[in-house]
Structures are given as structure tokens and as C-alpha cells.
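Novice: The file below is run17.cif, mmCIF, C-alpha atoms:
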```cif
data_coords
#
loop_
_atom_site.label_atom_id
_atom_site.label_comp_id
_atom_site.auth_asym_id
_atom_site.auth_seq_id
_atom_site.Cartn_x
_atom_site.Cartn_y
_atom_site.Cartn_z
CA MET A 1 38.35 9.83 45.00
CA TYR A 2 35.62 8.13 47.07
CA ARG A 3 32.79 9.02 44.72
CA PHE A 4 33.05 5.48 43.32
CA LEU A 5 31.26 4.30 46.49
CA LEU A 6 28.08 5.76 45.00
CA SER A 7 28.29 3.49 41.97
CA ARG A 8 25.77 0.67 41.64
CA GLN A 9 28.41 -2.02 42.15
CA TRP A 10 29.68 -0.53 45.40
CA VAL A 11 26.22 0.24 46.76
CA ILE A 12 25.22 -3.42 46.28
CA LEU A 13 28.48 -4.64 47.84
CA THR A 14 27.99 -2.37 50.86
CA LEU A 15 24.38 -3.49 51.35
CA VAL A 16 25.43 -7.14 51.21
CA ALA A 17 28.09 -6.47 53.85
CA LEU A 18 25.55 -4.73 56.08
CA VAL A 19 23.23 -7.73 55.82
CA LEU A 20 25.97 -10.31 56.45
CA ILE A 21 27.25 -8.74 59.67
CA PRO A 22 24.06 -9.11 61.80
CA ALA A 23 23.26 -12.46 60.17
CA MET A 24 26.64 -13.90 61.17
CA ILE A 25 26.36 -12.46 64.68
CA GLU A 26 22.95 -14.12 65.06
CA LEU A 27 24.30 -17.45 63.79
CA GLY A 28 27.08 -17.19 66.35
CA PHE A 29 24.59 -16.72 69.18
CA TRP A 30 22.51 -19.62 67.84
CA GLN A 31 25.52 -21.93 68.09
CA PHE A 32 26.37 -20.47 71.52
CA HIS A 33 22.87 -21.25 72.82
CA ARG A 34 23.17 -24.79 71.45
CA HIS A 35 26.42 -25.11 73.39
CA GLU A 36 24.68 -23.93 76.57
CA ARG A 37 21.83 -26.41 76.08
CA ARG A 38 24.30 -29.26 75.50
CA VAL A 39 26.20 -28.39 78.67
CA ALA A 40 22.96 -28.19 80.67
CA GLN A 41 21.76 -31.52 79.22
CA ASN A 42 25.04 -33.23 80.08
CA ALA A 43 24.75 -31.97 83.65
CA LEU A 44 21.14 -33.20 83.86
CA ILE A 45 22.03 -36.66 82.53
CA GLU A 46 24.96 -37.00 84.91
CA ASP A 47 22.94 -35.91 87.96
CA ASN A 48 20.00 -38.20 87.14
CA LEU A 49 22.24 -41.21 86.48
CA LYS A 50 24.00 -40.67 89.79
CA ALA A 51 20.77 -40.26 91.76
CA ALA A 52 19.54 -43.22 93.79
CA PRO A 53 16.77 -45.17 92.00
CA VAL A 54 13.17 -44.58 93.08
CA ALA A 55 9.98 -46.48 92.41
CA VAL A 56 8.66 -45.64 88.95
CA GLU A 57 5.22 -44.85 90.42
CA GLU A 58 6.76 -41.86 92.24
CA LEU A 59 7.70 -40.13 88.98
CA THR A 60 4.92 -41.07 86.56
CA SER A 61 1.33 -42.19 86.36
CA PRO A 62 -1.21 -43.12 83.64
CA GLY A 63 -1.42 -40.29 81.09
CA HIS A 64 1.52 -38.47 82.68
CA VAL A 65 3.96 -36.61 80.43
CA VAL A 66 7.48 -37.16 81.73
CA PRO A 67 9.13 -33.73 82.15
CA ARG A 68 12.62 -33.11 80.89
CA ALA A 69 13.90 -32.80 84.45
CA ASP A 70 13.11 -36.52 84.97
CA TYR A 71 14.68 -37.81 81.73
CA TRP A 72 17.18 -40.62 82.43
CA ARG A 73 16.18 -40.73 86.09
CA ARG A 74 16.93 -44.15 87.56
CA VAL A 75 13.76 -46.00 88.56
CA THR A 76 12.71 -49.46 89.71
CA ALA A 77 9.57 -51.43 88.89
CA THR A 78 8.42 -54.77 90.31
CA GLY A 79 5.92 -56.93 88.48
CA THR A 80 5.37 -59.63 85.88
CA PHE A 81 6.16 -59.33 82.17
CA ASP A 82 3.16 -59.54 79.84
CA THR A 83 4.79 -61.20 76.83
CA ALA A 84 1.43 -61.62 75.08
CA HIS A 85 1.38 -57.87 74.39
CA GLU A 86 5.07 -57.53 73.63
CA VAL A 87 5.93 -55.48 70.51
CA VAL A 88 9.07 -54.48 68.66
CA VAL A 89 10.00 -50.95 67.68
CA ARG A 90 11.28 -50.94 64.12
CA ARG A 91 14.34 -49.26 62.60
CA ARG A 92 16.43 -48.90 65.72
CA THR A 93 20.23 -49.11 65.74
CA SER A 94 22.55 -50.93 68.12
CA ALA A 95 25.61 -49.44 69.79
CA ASP A 96 27.67 -50.40 66.71
CA GLU A 97 25.11 -48.92 64.27
CA ARG A 98 23.47 -52.16 63.13
CA VAL A 99 19.81 -51.78 62.16
CA GLY A 100 17.30 -53.81 64.09
CA ALA A 101 14.51 -53.32 66.61
CA HIS A 102 13.91 -52.53 70.28
CA VAL A 103 11.91 -55.01 72.33
CA LEU A 104 9.08 -53.31 74.24
CA THR A 105 7.51 -55.54 76.88
CA PRO A 106 4.73 -54.44 79.26
CA LEU A 107 5.44 -55.05 82.96
CA VAL A 108 2.28 -55.53 85.02
CA LEU A 109 2.78 -53.96 88.44
CA LYS A 110 1.28 -55.26 91.69
CA ASP A 111 -1.55 -52.72 91.57
CA GLY A 112 -2.54 -53.84 88.08
CA ALA A 113 -1.11 -50.83 86.25
CA VAL A 114 1.40 -51.35 83.46
CA VAL A 115 4.76 -49.76 82.70
CA LEU A 116 6.47 -50.28 79.34
CA VAL A 117 9.99 -51.69 79.53
CA ASN A 118 12.45 -51.35 76.66
CA ARG A 119 14.43 -54.56 77.16
CA GLY A 120 17.01 -53.71 74.49
CA TRP A 121 18.01 -54.23 70.86
CA VAL A 122 17.69 -57.32 68.64
CA PRO A 123 18.63 -57.84 64.97
CA ALA A 124 15.87 -57.38 62.42
CA ALA A 125 14.38 -60.38 60.63
CA ALA A 126 15.53 -61.15 57.10
CA ASN A 127 12.11 -60.13 55.82
CA GLN A 128 11.03 -56.76 57.25
CA ARG A 129 7.45 -57.96 57.61
CA ASP A 130 8.46 -60.90 59.79
CA TYR A 131 8.66 -60.65 63.55
CA PRO A 132 12.32 -60.79 64.65
CA GLU A 133 13.70 -63.47 66.93
CA VAL A 134 13.26 -62.14 70.47
CA PRO A 135 14.65 -63.86 73.58
CA PRO A 136 11.85 -64.54 76.09
CA ALA A 137 11.41 -62.23 79.04
CA PRO A 138 11.99 -63.63 82.55
CA LYS A 139 8.99 -65.46 84.02
CA GLY A 140 7.47 -64.76 87.39
CA GLU A 141 7.89 -61.63 89.46
CA VAL A 142 10.94 -59.53 88.60
CA THR A 143 12.32 -56.20 89.69
CA VAL A 144 13.55 -54.09 86.81
CA THR A 145 15.91 -51.13 87.16
CA GLY A 146 16.34 -48.68 84.34
CA ARG A 147 16.25 -45.12 83.03
CA LEU A 148 12.93 -43.28 82.77
CA LYS A 149 12.21 -41.83 79.33
CA ALA A 150 9.34 -39.81 77.88
CA ASP A 151 6.92 -41.11 75.25
CA GLU A 152 8.27 -40.71 71.74
CA THR A 153 6.61 -38.35 69.26
CA THR A 154 7.21 -37.64 65.59
CA GLY A 155 7.93 -34.00 66.37
CA ALA A 156 10.64 -34.80 68.93
CA SER A 157 12.21 -37.83 67.22
CA GLY A 158 11.61 -37.13 63.53
CA ILE A 159 10.33 -40.70 63.13
CA LYS A 160 7.08 -41.06 61.21
CA ASP A 161 4.38 -43.14 62.85
CA LEU A 162 3.65 -45.34 59.86
CA LYS A 163 0.34 -47.13 59.48
CA GLY A 164 -0.31 -50.61 58.16
CA LEU A 165 2.66 -52.22 59.90
CA PRO A 166 2.81 -55.96 60.51
CA ASP A 167 1.24 -57.28 63.69
CA ARG A 168 3.10 -56.40 66.93
CA GLN A 169 5.42 -53.93 65.22
CA VAL A 170 5.42 -50.19 65.91
CA MET A 171 7.48 -47.16 64.94
CA LEU A 172 7.26 -45.12 68.16
CA ILE A 173 7.13 -45.91 71.86
CA SER A 174 3.81 -44.47 73.02
CA SER A 175 2.18 -45.37 76.32
CA ALA A 176 -1.19 -44.12 75.03
CA GLN A 177 -1.07 -46.38 71.96
CA GLN A 178 -0.05 -49.40 74.02
CA ALA A 179 -2.79 -48.70 76.59
CA GLU A 180 -5.37 -49.08 73.80
CA LEU A 181 -3.83 -52.38 72.67
CA ILE A 182 -3.41 -53.84 76.15
CA GLY A 183 -6.69 -52.60 77.57
CA ARG A 184 -5.12 -51.46 80.86
CA GLU A 185 -3.83 -48.24 82.35
CA VAL A 186 -0.22 -47.64 81.29
CA LEU A 187 2.13 -45.29 83.08
CA GLY A 188 3.34 -42.37 80.98
CA GLY A 189 6.76 -42.80 79.42
CA TYR A 190 8.78 -46.00 79.54
CA VAL A 191 11.82 -47.58 81.22
CA GLU A 192 15.11 -48.42 79.49
CA GLN A 193 16.15 -51.59 81.31
CA THR A 194 19.66 -51.75 82.78
CA GLU A 195 19.11 -54.51 85.37
CA PRO A 196 18.85 -57.45 85.46
CA GLU A 197 21.19 -58.20 82.60
CA PRO A 198 19.65 -60.54 80.02
CA ALA A 199 20.85 -64.10 79.69
CA GLY A 200 23.14 -64.55 76.71
CA ASP A 201 23.51 -60.76 76.32
CA SER A 202 20.34 -60.58 74.24
CA PRO A 203 18.50 -58.33 73.86
CA GLU A 204 21.49 -55.97 73.85
CA GLN A 205 20.90 -53.35 76.50
CA ILE A 206 20.88 -49.71 75.45
CA PRO A 207 24.06 -47.89 76.52
CA GLU A 208 24.01 -44.77 78.67
CA PRO A 209 23.45 -41.51 76.80
CA ASP A 210 26.60 -39.55 76.02
CA HIS A 211 27.07 -36.87 78.66
CA ASP A 212 30.78 -36.11 78.24
CA SER A 213 30.97 -34.61 74.76
CA ILE A 214 29.89 -30.99 74.32
CA GLY A 215 30.30 -30.94 70.55
CA ALA A 216 31.82 -28.14 68.47
CA HIS A 217 29.03 -25.59 68.96
CA MET A 218 31.23 -23.13 70.87
CA ALA A 219 33.92 -23.30 68.18
CA TYR A 220 31.28 -22.67 65.50
CA ALA A 221 29.99 -19.66 67.46
CA VAL A 222 33.47 -18.12 67.61
CA GLN A 223 33.95 -18.76 63.89
CA TRP A 224 30.72 -16.96 63.00
CA TRP A 225 31.69 -13.98 65.15
CA LEU A 226 35.12 -13.85 63.53
CA PHE A 227 33.46 -13.90 60.11
CA ALA A 228 31.22 -11.01 61.20
CA ALA A 229 34.28 -9.02 62.31
CA GLY A 230 36.05 -9.84 59.06
CA VAL A 231 33.32 -8.41 56.83
CA PRO A 232 33.94 -4.69 57.64
CA VAL A 233 37.69 -5.28 57.58
CA GLY A 234 37.42 -6.84 54.13
CA TRP A 235 35.18 -3.98 52.96
CA ILE A 236 37.75 -1.38 54.06
CA VAL A 237 40.57 -3.30 52.34
CA LEU A 238 38.59 -3.40 49.09
CA VAL A 239 37.78 0.33 49.30
CA ARG A 240 41.43 1.26 49.81
CA ARG A 241 42.53 -0.99 46.98
CA GLU A 242 39.94 0.56 44.66
CA LYS A 243 41.05 4.07 45.67
CA ARG A 244 44.71 3.23 45.07
CA ASP A 245 43.98 1.69 41.67
CA ARG A 246 41.99 4.75 40.61
CA GLU A 247 44.78 7.12 41.75
CA THR A 248 47.35 5.08 39.83
CA ALA A 249 45.20 5.10 36.70
CA ALA A 250 44.71 8.89 36.97
CA ALA A 251 48.44 9.52 37.40
CA THR A 252 49.26 7.33 34.41
CA ALA A 253 46.74 9.17 32.25
CA ALA A 254 48.24 12.55 33.27
CA GLU A 255 51.76 11.47 32.36
CA GLY A 256 50.68 10.15 28.97
CA GLY A 257 48.95 13.45 28.07
CA GLY A 258 52.17 15.67 28.17
CA GLY A 259 55.00 15.91 25.48
CA ASP A 260 56.80 18.18 22.82
CA GLY A 261 55.01 21.23 21.55
CA GLY A 262 56.19 20.89 17.95
CA GLY A 263 58.92 19.82 15.50
CA GLY A 264 62.00 21.52 14.10
CA GLY A 265 65.35 22.30 15.65
CA GLU A 266 68.60 20.57 15.27
CA PRO A 267 68.92 16.89 14.52
CA GLU A 268 69.93 14.56 17.29
CA ASP A 269 73.66 14.61 16.27
CA GLY A 270 73.85 18.41 16.76
CA THR A 271 74.77 19.31 13.14
CA PRO A 272 72.93 22.22 11.64
CA ASP A 273 70.49 21.67 8.89
CA ALA A 274 72.01 21.70 5.42
CA PRO A 275 70.97 24.69 3.34
CA GLN A 276 68.27 24.04 0.81
CA GLU A 277 69.43 24.21 -2.75
CA ASP A 278 67.64 27.00 -4.53
CA GLY A 279 68.24 28.15 -8.05
CA SER A 280 68.06 31.76 -6.95
CA ALA A 281 70.86 31.28 -4.45
CA ILE A 282 73.35 30.33 -7.18
CA GLN A 283 74.82 33.21 -9.19
CA ALA A 284 75.99 32.25 -12.67
CA THR A 285 79.26 33.88 -13.78
CA SER A 286 80.63 33.94 -17.24
CA PRO A 287 84.37 33.96 -18.01
CA ARG A 288 85.69 37.15 -19.33
#
```
Rewrite the coordinates I just gave you, this time as C-alpha cells.

Specialist:
Amino acid sequence: MYRFLLSRQWVILTLVALVLIPAMIELGFWQFHRHERRVAQNALIEDNLKAAPVAVEELTSPGHVVPRADYWRRVTATGTFDTAHEVVVRRRTSADERVGAHVLTPLVLKDGAVVLVNRGWVPAAANQRDYPEVPPAPKGEVTVTGRLKADETTGASGIKDLKGLPDRQVMLISSAQQAELIGREVLGGYVEQTEPEPAGDSPEQIPEPDHDSIGAHMAYAVQWWLFAAGVPVGWIVLVRREKRDRETAAATAAEGGGGDGGGGGEPEDGTPDAPQEDGSAIQATSPR
């Protein structure tokens, strides 16, 4: 009764099941690894935000690529803002998802080097080609505290570095690009300013990165593994159902093939058949 498994339909179904099982297991591990990375990132963010701030020169230098271990590390920088080379970073959203721009202002340190400071978010101008209204940076020497971030790239952010933008507008925060424009050495990465707070709450400072949520990756991993376990179970259920249906059909066909061997016999009411009238059975008599 299991010869039907060799049919084309069942061979294809079995092959599909054999492909789905390892694929779903792999998808489960993919989600599990994403969960692990999210947990590790949350721990890194929390540790770096709790760490005491250090001078930015201790963690980066001109041309330096900020390693992941130093992301969101609290740093301080003392110098004077160079508003003449200030730019805005287009298509950035505020904490409440409004589209605008980030204000990127170079801070000239005492040794003459420059560190880029992201002072926060401002609304975009009505015309996208116009420079938005940006509150002026503090004058004179200032000490900035903030979170160290790595230079942005298209590969990491998914943001295209468009050409032909209006003057003093950029798409990505790149210390190398700004070094060419400013004509000075620029420390690798940039600082997201947290202190001092701006007058009038503008630019709006960038909130801390989320380090409490772990997402639903672990739940997705368990779901994929349950799906993988359900495939062979479903295959067995279908095989048994097919076998039962074929047995039922065979039994029905066997019952329908039997019956009476022929006609004749007594009628249903039990009375014998009436004799057939035949001329030879009647004897004619003549009166004497």
C-alpha cells in the first residue's frame, strides 16, 4: 500500500520537504545569531555610556577608523567652533520622525586638529536646495561632551553619497571628505554632542541609542525551528491519510464486485411459479 510513494507527485512532495527542513533550520540559526548580536550590542552601548568620558584624542586621530568597541564611548573635546565650514547632513529624522538635517560643525582643538561635532537636528528648509535655518554655535572656547561615532559609509548606512548637492550640504558624515574641504587634519569619526545643551533646545540633540530592546529575533528563531519540526510530522500525516484513503477505495471496489450468480427461483412472495399454458398439456375430451 506504500507503493504510491514512488509516484511522481509523492517524490516531488518528499523532495520539497527534504529541502525545507534544513532551510528552516538555517533560518532559525540566522535569527538566533541576530539575537546574540543585538544582546552584545546592547551590552556594549550600556557599558560605553556608563564609562567616564575621556579626551577624544585618546580614542581617535587623523585618518583613524573608530572600531566598534569604541562606538558610543563618551568623550570630551575642548576648542573653538569653526562655523565657516559648518555643513548640514540631509535627510535625517528627529526623535519624532520628522525629516530634516543634522548640523555638523568642526571644532578646532588647541593643537590645531579638528574634530567634527554633530550638534543635533534642525528642520529642513521649505526648498530642499536652500540651507536650513541653523542656530549659531557658541562663540569662544567651549568644552563639548558627546558620544564617539565612526565615519558613515554607504555600505554601513545604506545612504547614497549623492553628487551635485547644494553648497554646504552633504549626505554622509565623513572626516576624510571634511578634511579636504577644511584644509586641516580631522580626527577620524565624529562626536554626537550631549553637553552643553543648546539654547532654546535647537538644534535638537540626538537621543541615546536604544539599548533595552532585544527585538523579536529569538521568537522568530523558535518559530523557524518549529516549522522545521512540523514538516516531517505533516509529511507522515499526509502519507497515512493517503494510505487510509487507498485502503478504503480498495475495500469499496471489492464489495461492489460481488453479487447473485444468476436469476430464477421463487418470487419474493414465496408463491411458486404458475405453470405455463401449453396446448399439449390440455387433453380434449368429447362427450359420449

Novice: Which of these residues is nearest to A:Lys243, using all atoms listed in the file: A:Ala125, A:Val115, A:Leu5, A:Val99?

Specialist: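 Among the listed residues, the smallest separation from A:Lys243 belongs to A:Leu5.
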
Novice: Would you mind listing what lies within 12 Å of A:Tyr131 as a VMD selection string, with all atoms listed in the file counted and same-chain residues fewer than 2 positions away left out?

Specialist: chain A and resid 86 to 90 100 to 103 122 to 129 133 to 134 165 to 170

Novice: Which polymer residues, protein or nucleic acid, are no farther than 9 Å from (16.1, -54.5, 83.9), counting all atoms listed in the file, as a PyMOL selection string?

Specialist: chain A and resi 76-77+117-119+142-146+191-198+205

Novice: Here's a test: counting all atoms listed in the file, identify every protein, DNA and RNA residue with an atom at most 12 Å from (24.2, -23.4, 73.5) in the file's coordinate frame, and state them as a list of chain:residue names.

Specialist: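 Neighbouring residues, ordered by chain and number, come to A:Leu27, A:Gly28, A:Phe29, A:Trp30, A:Gln31, A:Phe32, A:His33, A:Arg34, A:His35, A:Glu36, A:Arg37, A:Arg38, A:Val39, A:Ala40, A:Gln41, A:Asn42, A:Ile214, A:Gly215, A:Ala216, A:His217, A:Met218, A:Ala219, A:Tyr220, A:Ala221.
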
Novice: If we count all atoms listed in the file and set the cut-off at 12 Å, which residues sit around A:Asp111, ignoring sequence neighbours fewer than 5 positions away in its own chain? Please answer as a PDB file with C-alpha atoms, keeping the file's coordinate frame.

Specialist:
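Ended up saving to result-v2.pdb:
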```
ATOM      1  CA  GLU A  57       5.220 -44.850  90.420  1.00  0.00           C
ATOM      2  CA  ALA A  77       9.570 -51.430  88.890  1.00  0.00           C
ATOM      3  CA  THR A  78       8.420 -54.770  90.310  1.00  0.00           C
ATOM      4  CA  GLY A  79       5.920 -56.930  88.480  1.00  0.00           C
ATOM      5  CA  THR A  80       5.370 -59.630  85.880  1.00  0.00           C
ATOM      6  CA  ARG A 184      -5.120 -51.460  80.860  1.00  0.00           C
ATOM      7  CA  GLU A 185      -3.830 -48.240  82.350  1.00  0.00           C
ATOM      8  CA  VAL A 186      -0.220 -47.640  81.290  1.00  0.00           C
ATOM      9  CA  LEU A 187       2.130 -45.290  83.080  1.00  0.00           C
TER      10      LEU A 187
END
```

Novice: Using all atoms listed in the file, can you tell me which of A:Leu109, A:Asp210, A:Asp161, A:Gly155 comes closest to A:Leu44?

Specialist: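 Counting all atoms listed in the file, the residue closest to A:Leu44 is A:Asp210.
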
Novice: One decimal, Å: what's the distance from atom CA of A:Ala51 over to atom CA of A:Ser202, could you say?

Specialist: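 If I compute the distance from atom CA of A:Ala51 to atom CA of A:Ser202, I get 26.8 Å.
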
Novice: Let me make sure I understand: among A:Ile21, A:Tyr2, A:Ala69, A:Ala150, which one has the smallest atom-to-atom distance to A:Ala43 if we use all atoms listed in the file?

Specialist: A:Ala69

Novice: Record the distance separating atom CA of A:Ser7 and atom CA of A:Leu238, expressed in Å with one decimal.

Specialist: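 Those two atoms sit 14.3 Å apart.
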
Novice: Please indicate the distance in Å from atom CA of A:Leu15 to atom CA of A:Pro232, rounded to one decimal place.

Specialist: 11.5 Å

Novice: Env of A:Ile25: 10 Å cut, atoms = all atoms listed in the file, seq-sep filter 5 positions within chain, self excluded. Answer as a ChimeraX atom specification.

Specialist: /A:20,30,221-229

Novice: For each of A:Leu172, A:Glu97, A:Glu46, A:Leu116, take the minimum atom-to-atom distance to A:His85, counting only C-alpha atoms, then give the residue where this is smallest.

Specialist: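 Checking each candidate against A:His85, we get A:Leu116 as the closest.
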
Novice: Got a sec to resolve the PyMOL selection byres ((chain A and resi 139) around 10) on this structure and send the residues as a list in words?

Specialist: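 For this structure, the PyMOL selection byres ((chain A and resi 139) around 10) captures Thr80, Phe81, Asp82, Thr83, Pro136, Ala137, Pro138, Gly140, Glu141 and Val142 of chain A.
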
Novice: Report, as AutoDock Vina command-line options, the centre and edge lengths in Å (one decimal) of the axis-aligned box enclosing every listed atom of stretch 85-98 of chain A, padded by 4 Å on each side.

Specialist:
```
--center_x 14.5 --center_y -53.4 --center_z 68.5 --size_x 34.3 --size_y 17.0 --size_z 19.8
```

Novice: Looking at A:Tyr190, A:Ile182, A:Asp47, A:Ser174, which one is nearest to A:Gly112, with distances taken over only C-alpha atoms?

Specialist: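 The closest residue to A:Gly112 is A:Ile182.
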
Novice: Nearest to A:Val66 among A:Lys110, A:Arg3, A:Arg98, A:Arg147, with distances taken over all atoms listed in the file: which residue is it?

Specialist: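 Nearest candidate to A:Val66 out of A:Lys110, A:Arg3, A:Arg98, A:Arg147: A:Arg147.
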